[in-house]
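*Asks:* structure23.pdb is reproduced below (PDB, C-alpha atoms).
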```
ATOM      1  CA  MET A   1      -3.602  82.191 -59.298
ATOM      2  CA  LEU A   2      -2.368  78.680 -59.988
ATOM      3  CA  LEU A   3       0.261  78.436 -62.698
ATOM      4  CA  LYS A   4       2.099  75.493 -64.207
ATOM      5  CA  SER A   5       5.493  76.389 -65.633
ATOM      6  CA  LYS A   6       8.890  75.001 -66.438
ATOM      7  CA  ALA A   7      11.572  76.481 -64.203
ATOM      8  CA  ILE A   8      15.343  76.592 -63.682
ATOM      9  CA  VAL A   9      16.713  76.671 -60.143
ATOM     10  CA  LEU A  10      19.183  79.529 -59.665
ATOM     11  CA  HIS A  11      19.796  79.566 -55.935
ATOM     12  CA  GLN A  12      18.495  78.342 -52.614
ATOM     13  CA  LEU A  13      18.750  79.742 -49.093
ATOM     14  CA  LYS A  14      17.891  77.883 -45.912
ATOM     15  CA  TYR A  15      14.993  79.501 -44.046
ATOM     16  CA  GLY A  16      14.387  77.971 -40.652
ATOM     17  CA  ASP A  17      14.609  74.271 -39.869
ATOM     18  CA  SER A  18      12.532  72.831 -42.681
ATOM     19  CA  ARG A  19      12.075  75.516 -45.316
ATOM     20  CA  VAL A  20      14.169  77.037 -48.077
ATOM     21  CA  ILE A  21      13.793  80.111 -50.234
ATOM     22  CA  VAL A  22      14.419  79.138 -53.851
ATOM     23  CA  ASP A  23      15.086  81.570 -56.685
ATOM     24  CA  LEU A  24      13.663  80.313 -59.963
ATOM     25  CA  PHE A  25      13.689  81.503 -63.520
ATOM     26  CA  THR A  26      10.379  80.338 -64.953
ATOM     27  CA  ARG A  27       9.282  80.109 -68.557
ATOM     28  CA  GLU A  28       5.904  81.731 -67.916
ATOM     29  CA  GLN A  29       6.672  84.428 -65.328
ATOM     30  CA  GLY A  30      10.408  85.088 -65.443
ATOM     31  CA  ARG A  31      12.243  85.467 -62.140
ATOM     32  CA  LEU A  32      10.387  84.324 -59.003
ATOM     33  CA  SER A  33      11.328  83.621 -55.404
ATOM     34  CA  VAL A  34       9.385  80.823 -53.744
ATOM     35  CA  ILE A  35       9.291  79.407 -50.253
ATOM     36  CA  VAL A  36       9.370  75.638 -49.987
ATOM     37  CA  SER A  37       8.852  73.252 -47.102
ATOM     38  CA  VAL A  38      11.328  70.431 -47.560
ATOM     39  CA  PRO A  39      10.727  67.222 -45.590
ATOM     40  CA  LYS A  40      13.649  65.629 -43.792
ATOM     41  CA  THR A  41      12.740  62.211 -45.197
ATOM     42  CA  GLN A  42      12.450  61.031 -48.785
ATOM     43  CA  ARG A  43       8.699  60.462 -48.474
ATOM     44  CA  GLY A  44       7.595  63.992 -49.295
ATOM     45  CA  LYS A  45       6.763  65.218 -52.771
ATOM     46  CA  LEU A  46       9.313  68.058 -52.744
ATOM     47  CA  LYS A  47      12.777  66.575 -52.322
ATOM     48  CA  LYS A  48      15.949  68.479 -51.460
ATOM     49  CA  GLN A  49      17.722  67.384 -54.639
ATOM     50  CA  TYR A  50      15.113  69.230 -56.705
ATOM     51  CA  PHE A  51      16.647  72.529 -55.652
ATOM     52  CA  GLN A  52      20.268  72.063 -56.665
ATOM     53  CA  PRO A  53      21.602  74.831 -58.946
ATOM     54  CA  LEU A  54      20.415  74.621 -62.571
ATOM     55  CA  THR A  55      17.924  71.825 -61.933
ATOM     56  CA  LEU A  56      15.164  71.876 -64.546
ATOM     57  CA  LEU A  57      11.746  71.513 -62.955
ATOM     58  CA  SER A  58       8.126  71.218 -63.906
ATOM     59  CA  THR A  59       6.355  73.333 -61.284
ATOM     60  CA  GLU A  60       2.921  74.240 -60.008
ATOM     61  CA  LEU A  61       2.932  77.687 -58.388
ATOM     62  CA  ASP A  62       0.416  79.554 -56.269
ATOM     63  CA  LEU A  63       1.025  83.168 -57.313
ATOM     64  CA  ARG A  64      -0.128  86.097 -55.193
ATOM     65  CA  PRO A  65       0.696  89.473 -56.827
ATOM     66  CA  LEU A  66       1.254  91.338 -53.556
ATOM     67  CA  GLN A  67       3.522  88.717 -51.994
ATOM     68  CA  GLN A  68       7.281  88.799 -52.326
ATOM     69  CA  LEU A  69       7.653  85.064 -51.749
ATOM     70  CA  GLN A  70       5.408  82.836 -53.809
ATOM     71  CA  LYS A  71       4.325  79.329 -52.859
ATOM     72  CA  LEU A  72       5.530  76.257 -54.698
ATOM     73  CA  ARG A  73       2.699  73.741 -54.526
ATOM     74  CA  ASP A  74       4.354  70.941 -56.469
ATOM     75  CA  ALA A  75       7.465  70.174 -58.518
ATOM     76  CA  SER A  76       9.010  67.320 -60.429
ATOM     77  CA  LEU A  77      12.232  66.851 -62.350
ATOM     78  CA  LEU A  78      11.771  67.934 -65.922
ATOM     79  CA  SER A  79      15.067  66.551 -67.185
ATOM     80  CA  PRO A  80      17.102  64.418 -64.741
ATOM     81  CA  TYR A  81      20.813  64.960 -65.267
ATOM     82  CA  SER A  82      23.171  62.124 -66.081
ATOM     83  CA  SER A  83      26.554  63.790 -65.458
ATOM     84  CA  LEU A  84      26.188  67.468 -64.493
ATOM     85  CA  TYR A  85      26.599  66.849 -60.761
ATOM     86  CA  ALA A  86      28.844  63.785 -61.064
ATOM     87  CA  ASP A  87      31.608  65.292 -63.205
ATOM     88  CA  PRO A  88      33.718  67.713 -61.088
ATOM     89  CA  THR A  89      34.547  69.994 -64.030
ATOM     90  CA  LYS A  90      30.944  70.168 -65.221
ATOM     91  CA  LEU A  91      29.814  70.808 -61.656
ATOM     92  CA  SER A  92      32.251  73.726 -61.332
ATOM     93  CA  ILE A  93      30.960  75.203 -64.586
ATOM     94  CA  ALA A  94      27.349  74.654 -63.490
ATOM     95  CA  LEU A  95      27.907  76.416 -60.158
ATOM     96  CA  PHE A  96      29.498  79.359 -61.990
ATOM     97  CA  VAL A  97      26.611  79.563 -64.472
ATOM     98  CA  ALA A  98      24.037  79.381 -61.664
ATOM     99  CA  GLU A  99      25.735  82.130 -59.651
ATOM    100  CA  PHE A 100      26.095  84.250 -62.788
ATOM    101  CA  LEU A 101      22.419  83.880 -63.692
ATOM    102  CA  PHE A 102      21.315  84.554 -60.117
ATOM    103  CA  HIS A 103      22.758  88.061 -60.471
ATOM    104  CA  ALA A 104      22.271  88.631 -64.218
ATOM    105  CA  LEU A 105      18.540  87.822 -64.152
ATOM    106  CA  LYS A 106      17.680  89.802 -60.989
ATOM    107  CA  SER A 107      14.737  91.615 -62.556
ATOM    108  CA  GLU A 108      14.150  89.563 -65.688
ATOM    109  CA  GLN A 109      10.483  89.279 -66.654
ATOM    110  CA  GLN A 110       8.966  86.610 -68.875
ATOM    111  CA  ASN A 111      11.380  85.885 -71.706
ATOM    112  CA  VAL A 112      10.516  82.607 -73.389
ATOM    113  CA  PRO A 113      13.418  82.608 -75.904
ATOM    114  CA  LEU A 114      15.853  83.245 -73.044
ATOM    115  CA  PHE A 115      14.395  80.421 -70.958
ATOM    116  CA  ASP A 116      14.545  78.021 -73.895
ATOM    117  CA  TYR A 117      18.159  79.008 -74.567
ATOM    118  CA  LEU A 118      19.151  78.407 -70.937
ATOM    119  CA  ALA A 119      17.370  75.053 -70.737
ATOM    120  CA  SER A 120      18.868  73.764 -73.985
ATOM    121  CA  ALA A 121      22.375  74.963 -73.004
ATOM    122  CA  ILE A 122      22.207  73.221 -69.620
ATOM    123  CA  GLU A 123      20.966  70.007 -71.202
ATOM    124  CA  TRP A 124      23.739  70.222 -73.800
ATOM    125  CA  LEU A 125      26.390  70.500 -71.083
ATOM    126  CA  ASP A 126      24.927  67.553 -69.188
ATOM    127  CA  GLY A 127      24.915  65.377 -72.285
ATOM    128  CA  SER A 128      28.275  66.433 -73.698
ATOM    129  CA  ASP A 129      31.435  64.366 -73.815
ATOM    130  CA  ASP A 130      34.848  65.823 -72.958
ATOM    131  CA  ARG A 131      34.667  68.704 -75.476
ATOM    132  CA  PHE A 132      33.123  71.391 -73.283
ATOM    133  CA  ALA A 133      36.147  73.404 -72.092
ATOM    134  CA  ASN A 134      34.866  76.547 -73.832
ATOM    135  CA  PHE A 135      31.257  76.111 -72.720
ATOM    136  CA  HIS A 136      31.122  78.913 -70.149
ATOM    137  CA  LEU A 137      32.624  81.394 -72.611
ATOM    138  CA  VAL A 138      30.248  80.570 -75.457
ATOM    139  CA  PHE A 139      27.356  80.493 -72.987
ATOM    140  CA  LEU A 140      28.067  84.036 -71.749
ATOM    141  CA  MET A 141      28.648  85.391 -75.247
ATOM    142  CA  ARG A 142      25.328  84.067 -76.544
ATOM    143  CA  LEU A 143      23.463  85.026 -73.375
ATOM    144  CA  SER A 144      24.203  88.681 -74.159
ATOM    145  CA  LEU A 145      22.018  88.338 -77.274
ATOM    146  CA  PHE A 146      18.937  87.723 -75.100
ATOM    147  CA  LEU A 147      19.836  90.512 -72.683
ATOM    148  CA  GLY A 148      20.228  93.117 -75.420
ATOM    149  CA  PHE A 149      23.954  93.774 -75.796
ATOM    150  CA  TYR A 150      25.288  91.133 -78.161
ATOM    151  CA  PRO A 151      28.282  92.509 -80.105
ATOM    152  CA  ASN A 152      27.704  94.035 -83.524
ATOM    153  CA  LEU A 153      30.081  92.409 -85.999
ATOM    154  CA  ASP A 154      29.907  95.329 -88.426
ATOM    155  CA  GLY A 155      33.319  96.940 -88.588
ATOM    156  CA  PHE A 156      35.188  93.850 -87.377
ATOM    157  CA  TYR A 157      38.550  93.267 -88.980
ATOM    158  CA  GLU A 158      42.014  92.287 -87.806
ATOM    159  CA  GLY A 159      43.406  95.216 -85.847
ATOM    160  CA  ALA A 160      40.023  96.706 -84.851
ATOM    161  CA  TYR A 161      39.272  97.928 -81.339
ATOM    162  CA  TYR A 162      36.100  96.993 -79.454
ATOM    163  CA  ASP A 163      33.922  99.571 -77.717
ATOM    164  CA  LEU A 164      32.485  97.780 -74.668
ATOM    165  CA  ARG A 165      29.886 100.471 -74.047
ATOM    166  CA  GLN A 166      28.460 100.535 -77.559
ATOM    167  CA  SER A 167      29.019  96.811 -78.279
ATOM    168  CA  THR A 168      30.691  97.632 -81.589
ATOM    169  CA  PHE A 169      34.063  97.231 -83.262
ATOM    170  CA  CYS A 170      35.795 100.427 -84.323
ATOM    171  CA  GLY A 171      38.892 101.529 -86.202
ATOM    172  CA  ALA A 172      40.263 103.784 -83.450
ATOM    173  CA  PRO A 173      40.050 103.866 -79.637
ATOM    174  CA  PRO A 174      36.836 105.564 -78.426
ATOM    175  CA  LEU A 175      37.000 108.637 -76.186
ATOM    176  CA  HIS A 176      36.543 106.657 -72.970
ATOM    177  CA  ARG A 177      38.340 103.845 -71.165
ATOM    178  CA  ASP A 178      35.860 101.040 -71.724
ATOM    179  CA  PHE A 179      37.294  99.433 -74.829
ATOM    180  CA  LEU A 180      39.439  96.474 -75.836
ATOM    181  CA  MET A 181      42.761  96.679 -77.589
ATOM    182  CA  PRO A 182      42.966  94.776 -80.908
ATOM    183  CA  ASP A 183      44.359  91.558 -79.363
ATOM    184  CA  ASP A 184      41.438  91.236 -76.966
ATOM    185  CA  ALA A 185      38.940  92.524 -79.540
ATOM    186  CA  ALA A 186      40.027  89.672 -81.821
ATOM    187  CA  LYS A 187      39.098  87.216 -79.052
ATOM    188  CA  ILE A 188      35.550  88.602 -79.077
ATOM    189  CA  GLY A 189      35.416  88.118 -82.838
ATOM    190  CA  LEU A 190      36.663  84.546 -82.428
ATOM    191  CA  LEU A 191      34.153  83.792 -79.691
ATOM    192  CA  MET A 192      31.279  84.993 -81.857
ATOM    193  CA  ARG A 193      32.176  82.323 -84.422
ATOM    194  CA  MET A 194      31.740  79.508 -81.891
ATOM    195  CA  ASP A 195      28.686  77.549 -80.860
ATOM    196  CA  PHE A 196      28.362  74.563 -78.549
ATOM    197  CA  THR A 197      28.772  71.991 -81.303
ATOM    198  CA  THR A 198      31.808  73.588 -82.990
ATOM    199  CA  MET A 199      33.656  75.235 -80.079
ATOM    200  CA  HIS A 200      35.992  72.247 -79.624
ATOM    201  CA  LEU A 201      37.482  73.083 -83.032
ATOM    202  CA  PHE A 202      38.881  76.363 -81.672
ATOM    203  CA  GLN A 203      42.076  75.822 -79.704
ATOM    204  CA  LEU A 204      42.423  78.118 -76.690
ATOM    205  CA  SER A 205      45.103  77.964 -74.025
ATOM    206  CA  HIS A 206      44.219  78.087 -70.331
ATOM    207  CA  ALA A 207      45.530  81.657 -70.264
ATOM    208  CA  ASP A 208      43.301  82.566 -73.234
ATOM    209  CA  ARG A 209      40.214  81.159 -71.512
ATOM    210  CA  ASN A 210      40.891  83.041 -68.311
ATOM    211  CA  ARG A 211      41.553  86.277 -70.184
ATOM    212  CA  ILE A 212      38.363  85.935 -72.236
ATOM    213  CA  LEU A 213      36.419  85.260 -69.039
ATOM    214  CA  ASP A 214      37.827  88.464 -67.509
ATOM    215  CA  VAL A 215      36.803  90.421 -70.607
ATOM    216  CA  LEU A 216      33.276  88.996 -70.609
ATOM    217  CA  LEU A 217      32.770  89.699 -66.912
ATOM    218  CA  SER A 218      33.897  93.295 -67.422
ATOM    219  CA  TYR A 219      31.530  93.553 -70.376
ATOM    220  CA  TYR A 220      28.568  92.361 -68.314
ATOM    221  CA  ARG A 221      29.406  94.710 -65.442
ATOM    222  CA  LEU A 222      29.164  97.649 -67.815
ATOM    223  CA  HIS A 223      25.703  96.626 -68.975
ATOM    224  CA  LEU A 224      24.195  95.201 -65.777
ATOM    225  CA  PRO A 225      24.204  97.678 -62.884
ATOM    226  CA  ALA A 226      25.650  96.510 -59.547
ATOM    227  CA  PHE A 227      26.841  93.190 -60.961
ATOM    228  CA  PRO A 228      29.102  91.806 -58.187
ATOM    229  CA  GLU A 229      32.295  89.813 -58.023
ATOM    230  CA  LEU A 230      31.498  86.101 -58.292
ATOM    231  CA  ARG A 231      32.923  83.614 -55.810
ATOM    232  CA  SER A 232      32.743  80.738 -58.302
ATOM    233  CA  VAL A 233      35.175  82.427 -60.714
ATOM    234  CA  ALA A 234      38.120  81.377 -58.536
ATOM    235  CA  VAL A 235      37.181  77.721 -59.013
ATOM    236  CA  LEU A 236      37.088  78.139 -62.803
ATOM    237  CA  ARG A 237      40.515  79.755 -62.701
ATOM    238  CA  GLU A 238      41.844  76.703 -60.871
ATOM    239  CA  ILE A 239      40.430  74.424 -63.546
ATOM    240  CA  TYR A 240      41.890  76.534 -66.361
ATOM    241  CA  SER A 241      45.309  77.266 -64.904
TER     242      SER A 241
END
```
In C-alpha cells, how does this file's structure come out?

*Replies:*
Amino acid sequence: MLLKSKAIVLHQLKYGDSRVIVDLFTREQGRLSVIVSVPKTQRGKLKKQYFQPLTLLSTELDLRPLQQLQKLRDASLLSPYSSLYADPTKLSIALFVAEFLFHALKSEQQNVPLFDYLASAIEWLDGSDDRFANFHLVFLMRLSLFLGFYPNLDGFYEGAYYDLRQSTFCGAPPLHRDFLMPDDAAKIGLLMRMDFTTMHLFQLSHADRNRILDVLLSYYRLHLPAFPELRSVAVLREIYS
C-alpha cells in the first residue's frame, strides 16, 4: 500500500555501507521504521540531511503489513529549519527531545493530535528567539496530556503533595513512595501554568530547571514501562548548570 504522510524523524541507524534504518513518527500511521538507501553524492532524491533528528518530512511510503521495516519511496523537507541545528543550545534541546520521543513513542499508533502538537512545538523552537530556556520542561509537561497522564489540577493548593502514580494532588502523602513533597509538587503546579509563549515570564534558576527535569523523567518512568536513562540529559545539565 502506498501512503503519503507527514513524518518526524526520531532516530537513524547505519545499516551497511549505503543504507540507514530510520525511525519515524508519522501523522497517518504512528510509529514506523523504514529502510532507506542514501546516496553518497548530493544527486539522489533522498539526502542524508533529511534524516537528522526532528526533521519534518513529507513522505511517500510503501507499507507491507507483514514487514518489520517499511520502504521509504520518496521524501522532501516539509519545513526547513532556520536555526535548530545552527544554535548549539537549541541543538542540545532537539537531541534530547528526539531521544526522549524515540523511547516514549515506542508503540504509539496513529495519533493525529499528538503529531500536530510535536510538529508545532518543533517549529516553535526553531523560530524562537532567546526565550526558550524552559522549552524542554513545558514540552514534556504538555506531552503527557497526549499520552494519557497529564496532572489533574483538582486539589492543588500551596502545601499539597503530588501522587505521581495517580497524577493528582493530595492533602497528605499517599501510602507508597511515588509522590512529591510540597516544594516539588508546587513546581508541577507552576509548570502547568506555562506555555511556549508565556514561559519566559516564569523565572527559574538553573538548579530549578534541573530539578524539574529530574521530576518529569521520574514521572514518565512510572507511566512508560522500561523507559531508560537518556544519554542526552547530561548535555542539558551542562547547559543549565

*Asks:* Compile the contact shell of segment 78-85 of chain A as number ranges by chain: residues with an atom at most 9 Å away, counting only C-alpha atoms, same-chain residues fewer than 3 positions apart removed.

*Replies:* A: 6-7, 55-59, 75, 88-92, 94, 122-123, 125-128

*Asks:* With C-alpha atoms retained, could you export that selection as a PDB file, in the frame of the given file?

*Replies:*
```pdb
ATOM      1  CA  LYS A   6       8.890  75.001 -66.438  1.00  0.00           C
ATOM      2  CA  ALA A   7      11.572  76.481 -64.203  1.00  0.00           C
ATOM      3  CA  THR A  55      17.924  71.825 -61.933  1.00  0.00           C
ATOM      4  CA  LEU A  56      15.164  71.876 -64.546  1.00  0.00           C
ATOM      5  CA  LEU A  57      11.746  71.513 -62.955  1.00  0.00           C
ATOM      6  CA  SER A  58       8.126  71.218 -63.906  1.00  0.00           C
ATOM      7  CA  THR A  59       6.355  73.333 -61.284  1.00  0.00           C
ATOM      8  CA  ALA A  75       7.465  70.174 -58.518  1.00  0.00           C
ATOM      9  CA  PRO A  88      33.718  67.713 -61.088  1.00  0.00           C
ATOM     10  CA  THR A  89      34.547  69.994 -64.030  1.00  0.00           C
ATOM     11  CA  LYS A  90      30.944  70.168 -65.221  1.00  0.00           C
ATOM     12  CA  LEU A  91      29.814  70.808 -61.656  1.00  0.00           C
ATOM     13  CA  SER A  92      32.251  73.726 -61.332  1.00  0.00           C
ATOM     14  CA  ALA A  94      27.349  74.654 -63.490  1.00  0.00           C
ATOM     15  CA  ILE A 122      22.207  73.221 -69.620  1.00  0.00           C
ATOM     16  CA  GLU A 123      20.966  70.007 -71.202  1.00  0.00           C
ATOM     17  CA  LEU A 125      26.390  70.500 -71.083  1.00  0.00           C
ATOM     18  CA  ASP A 126      24.927  67.553 -69.188  1.00  0.00           C
ATOM     19  CA  GLY A 127      24.915  65.377 -72.285  1.00  0.00           C
ATOM     20  CA  SER A 128      28.275  66.433 -73.698  1.00  0.00           C
TER      21      SER A 128
END
```

*Asks:* For this structure, which residues satisfy the selection - the PyMOL selection byres ((chain A and resi 30) around 7) - when it is evaluated on the file as given? I want them as a PyMOL selection string.

*Replies:* chain A and resi 25-29+31-32+108-111

*Asks:* Would you mind reading off the distance between atom CA of Leu204 of chain A and atom CA of Leu95 of chain A, one decimal, in Å?

*Replies:*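 The value is 22.1 Å.
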
*Asks:* Quick one: residues within 12 Å of Leu140 of chain A, all atoms listed in the file counted, chain neighbours fewer than 4 positions away excluded, as number ranges by chain?

*Replies:* A: 93, 96-98, 100-101, 104, 117-118, 121, 134-136, 144-147, 149-151, 188, 191-192, 194-196, 212-220

*Asks:* Give me the result of the PyMOL selection byres ((chain A and resi 63) around 8) on this file, residue by residue, as a PyMOL selection string.

*Replies:* chain A and resi 1-3+61-62+64-65+70-71

*Asks:* Dump as a list of chain:residue names all residues having an atom at most 9 Å from (37.7, 93.6, -88.2), computed in the file's coordinates with all atoms listed in the file.

*Replies:* A:Leu153, A:Asp154, A:Gly155, A:Phe156, A:Tyr157, A:Glu158, A:Gly159, A:Ala160, A:Tyr161, A:Phe169, A:Cys170, A:Gly171, A:Ala185, A:Ala186, A:Gly189

*Asks:* Please, what distance in Å, to one decimal, runs between atom CA of Leu222 of chain A and atom CA of Arg237 of chain A?

*Replies:*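 Distance between the two atoms: 21.8 Å.
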
*Asks:* What would segment 14-44 of chain A look like with N, CA and C atoms restored, written as a PDB file, keeping the file's coordinate frame?

*Replies:*
```pdb
ATOM      1  N   LYS A  14      18.600  78.520 -47.019  1.00  0.00           N
ATOM      2  CA  LYS A  14      17.891  77.883 -45.912  1.00  0.00           C
ATOM      3  C   LYS A  14      17.115  78.928 -45.131  1.00  0.00           C
ATOM      4  N   TYR A  15      15.879  78.575 -44.757  1.00  0.00           N
ATOM      5  CA  TYR A  15      14.993  79.501 -44.046  1.00  0.00           C
ATOM      6  C   TYR A  15      14.305  78.722 -42.930  1.00  0.00           C
ATOM      7  N   GLY A  16      14.904  78.764 -41.757  1.00  0.00           N
ATOM      8  CA  GLY A  16      14.387  77.971 -40.652  1.00  0.00           C
ATOM      9  C   GLY A  16      14.839  76.525 -40.742  1.00  0.00           C
ATOM     10  N   ASP A  17      14.184  75.672 -39.962  1.00  0.00           N
ATOM     11  CA  ASP A  17      14.609  74.271 -39.869  1.00  0.00           C
ATOM     12  C   ASP A  17      14.181  73.429 -41.062  1.00  0.00           C
ATOM     13  N   SER A  18      13.061  73.740 -41.657  1.00  0.00           N
ATOM     14  CA  SER A  18      12.532  72.831 -42.681  1.00  0.00           C
ATOM     15  C   SER A  18      12.089  73.545 -43.952  1.00  0.00           C
ATOM     16  N   ARG A  19      12.486  74.803 -44.113  1.00  0.00           N
ATOM     17  CA  ARG A  19      12.075  75.516 -45.316  1.00  0.00           C
ATOM     18  C   ARG A  19      13.283  76.151 -46.006  1.00  0.00           C
ATOM     19  N   VAL A  20      13.135  76.356 -47.298  1.00  0.00           N
ATOM     20  CA  VAL A  20      14.169  77.037 -48.077  1.00  0.00           C
ATOM     21  C   VAL A  20      13.492  78.069 -48.967  1.00  0.00           C
ATOM     22  N   ILE A  21      14.213  79.145 -49.226  1.00  0.00           N
ATOM     23  CA  ILE A  21      13.793  80.111 -50.234  1.00  0.00           C
ATOM     24  C   ILE A  21      14.549  79.783 -51.512  1.00  0.00           C
ATOM     25  N   VAL A  22      13.826  79.562 -52.582  1.00  0.00           N
ATOM     26  CA  VAL A  22      14.419  79.138 -53.851  1.00  0.00           C
ATOM     27  C   VAL A  22      14.150  80.207 -54.903  1.00  0.00           C
ATOM     28  N   ASP A  23      15.226  80.640 -55.566  1.00  0.00           N
ATOM     29  CA  ASP A  23      15.086  81.570 -56.685  1.00  0.00           C
ATOM     30  C   ASP A  23      14.989  80.765 -57.972  1.00  0.00           C
ATOM     31  N   LEU A  24      13.930  81.023 -58.720  1.00  0.00           N
ATOM     32  CA  LEU A  24      13.663  80.313 -59.963  1.00  0.00           C
ATOM     33  C   LEU A  24      13.631  81.290 -61.132  1.00  0.00           C
ATOM     34  N   PHE A  25      14.011  80.792 -62.292  1.00  0.00           N
ATOM     35  CA  PHE A  25      13.689  81.503 -63.520  1.00  0.00           C
ATOM     36  C   PHE A  25      12.687  80.637 -64.255  1.00  0.00           C
ATOM     37  N   THR A  26      11.452  81.133 -64.376  1.00  0.00           N
ATOM     38  CA  THR A  26      10.379  80.338 -64.953  1.00  0.00           C
ATOM     39  C   THR A  26      10.112  80.746 -66.398  1.00  0.00           C
ATOM     40  N   ARG A  27       9.574  79.826 -67.147  1.00  0.00           N
ATOM     41  CA  ARG A  27       9.282  80.109 -68.557  1.00  0.00           C
ATOM     42  C   ARG A  27       8.097  81.059 -68.703  1.00  0.00           C
ATOM     43  N   GLU A  28       7.142  80.968 -67.781  1.00  0.00           N
ATOM     44  CA  GLU A  28       5.904  81.731 -67.916  1.00  0.00           C
ATOM     45  C   GLU A  28       5.929  83.085 -67.220  1.00  0.00           C
ATOM     46  N   GLN A  29       6.716  83.205 -66.134  1.00  0.00           N
ATOM     47  CA  GLN A  29       6.672  84.428 -65.328  1.00  0.00           C
ATOM     48  C   GLN A  29       8.034  85.084 -65.129  1.00  0.00           C
ATOM     49  N   GLY A  30       9.091  84.528 -65.682  1.00  0.00           N
ATOM     50  CA  GLY A  30      10.408  85.088 -65.443  1.00  0.00           C
ATOM     51  C   GLY A  30      10.905  84.762 -64.044  1.00  0.00           C
ATOM     52  N   ARG A  31      11.604  85.696 -63.438  1.00  0.00           N
ATOM     53  CA  ARG A  31      12.243  85.467 -62.140  1.00  0.00           C
ATOM     54  C   ARG A  31      11.205  85.463 -61.019  1.00  0.00           C
ATOM     55  N   LEU A  32      11.259  84.440 -60.168  1.00  0.00           N
ATOM     56  CA  LEU A  32      10.387  84.324 -59.003  1.00  0.00           C
ATOM     57  C   LEU A  32      11.172  83.774 -57.829  1.00  0.00           C
ATOM     58  N   SER A  33      10.813  84.220 -56.632  1.00  0.00           N
ATOM     59  CA  SER A  33      11.328  83.621 -55.404  1.00  0.00           C
ATOM     60  C   SER A  33      10.182  82.878 -54.737  1.00  0.00           C
ATOM     61  N   VAL A  34      10.432  81.643 -54.363  1.00  0.00           N
ATOM     62  CA  VAL A  34       9.385  80.823 -53.744  1.00  0.00           C
ATOM     63  C   VAL A  34       9.880  80.283 -52.417  1.00  0.00           C
ATOM     64  N   ILE A  35       8.949  80.032 -51.521  1.00  0.00           N
ATOM     65  CA  ILE A  35       9.291  79.407 -50.253  1.00  0.00           C
ATOM     66  C   ILE A  35       8.791  77.970 -50.297  1.00  0.00           C
ATOM     67  N   VAL A  36       9.647  77.064 -49.846  1.00  0.00           N
ATOM     68  CA  VAL A  36       9.370  75.638 -49.987  1.00  0.00           C
ATOM     69  C   VAL A  36       9.604  74.947 -48.656  1.00  0.00           C
ATOM     70  N   SER A  37       8.660  74.129 -48.254  1.00  0.00           N
ATOM     71  CA  SER A  37       8.852  73.252 -47.102  1.00  0.00           C
ATOM     72  C   SER A  37       9.439  71.939 -47.598  1.00  0.00           C
ATOM     73  N   VAL A  38      10.622  71.626 -47.096  1.00  0.00           N
ATOM     74  CA  VAL A  38      11.328  70.431 -47.560  1.00  0.00           C
ATOM     75  C   VAL A  38      11.345  69.397 -46.439  1.00  0.00           C
ATOM     76  N   PRO A  39      10.743  68.248 -46.640  1.00  0.00           N
ATOM     77  CA  PRO A  39      10.727  67.222 -45.590  1.00  0.00           C
ATOM     78  C   PRO A  39      12.123  66.656 -45.355  1.00  0.00           C
ATOM     79  N   LYS A  40      12.354  66.197 -44.134  1.00  0.00           N
ATOM     80  CA  LYS A  40      13.649  65.629 -43.792  1.00  0.00           C
ATOM     81  C   LYS A  40      13.785  64.187 -44.266  1.00  0.00           C
ATOM     82  N   THR A  41      12.699  63.566 -44.658  1.00  0.00           N
ATOM     83  CA  THR A  41      12.740  62.211 -45.197  1.00  0.00           C
ATOM     84  C   THR A  41      12.513  62.256 -46.701  1.00  0.00           C
ATOM     85  N   GLN A  42      12.653  61.129 -47.342  1.00  0.00           N
ATOM     86  CA  GLN A  42      12.450  61.031 -48.785  1.00  0.00           C
ATOM     87  C   GLN A  42      10.993  60.784 -49.167  1.00  0.00           C
ATOM     88  N   ARG A  43      10.092  60.800 -48.187  1.00  0.00           N
ATOM     89  CA  ARG A  43       8.699  60.462 -48.474  1.00  0.00           C
ATOM     90  C   ARG A  43       7.901  61.628 -49.061  1.00  0.00           C
ATOM     91  N   GLY A  44       8.341  62.838 -48.823  1.00  0.00           N
ATOM     92  CA  GLY A  44       7.595  63.992 -49.295  1.00  0.00           C
ATOM     93  C   GLY A  44       7.697  64.174 -50.794  1.00  0.00           C
TER      94      GLY A  44
END
```
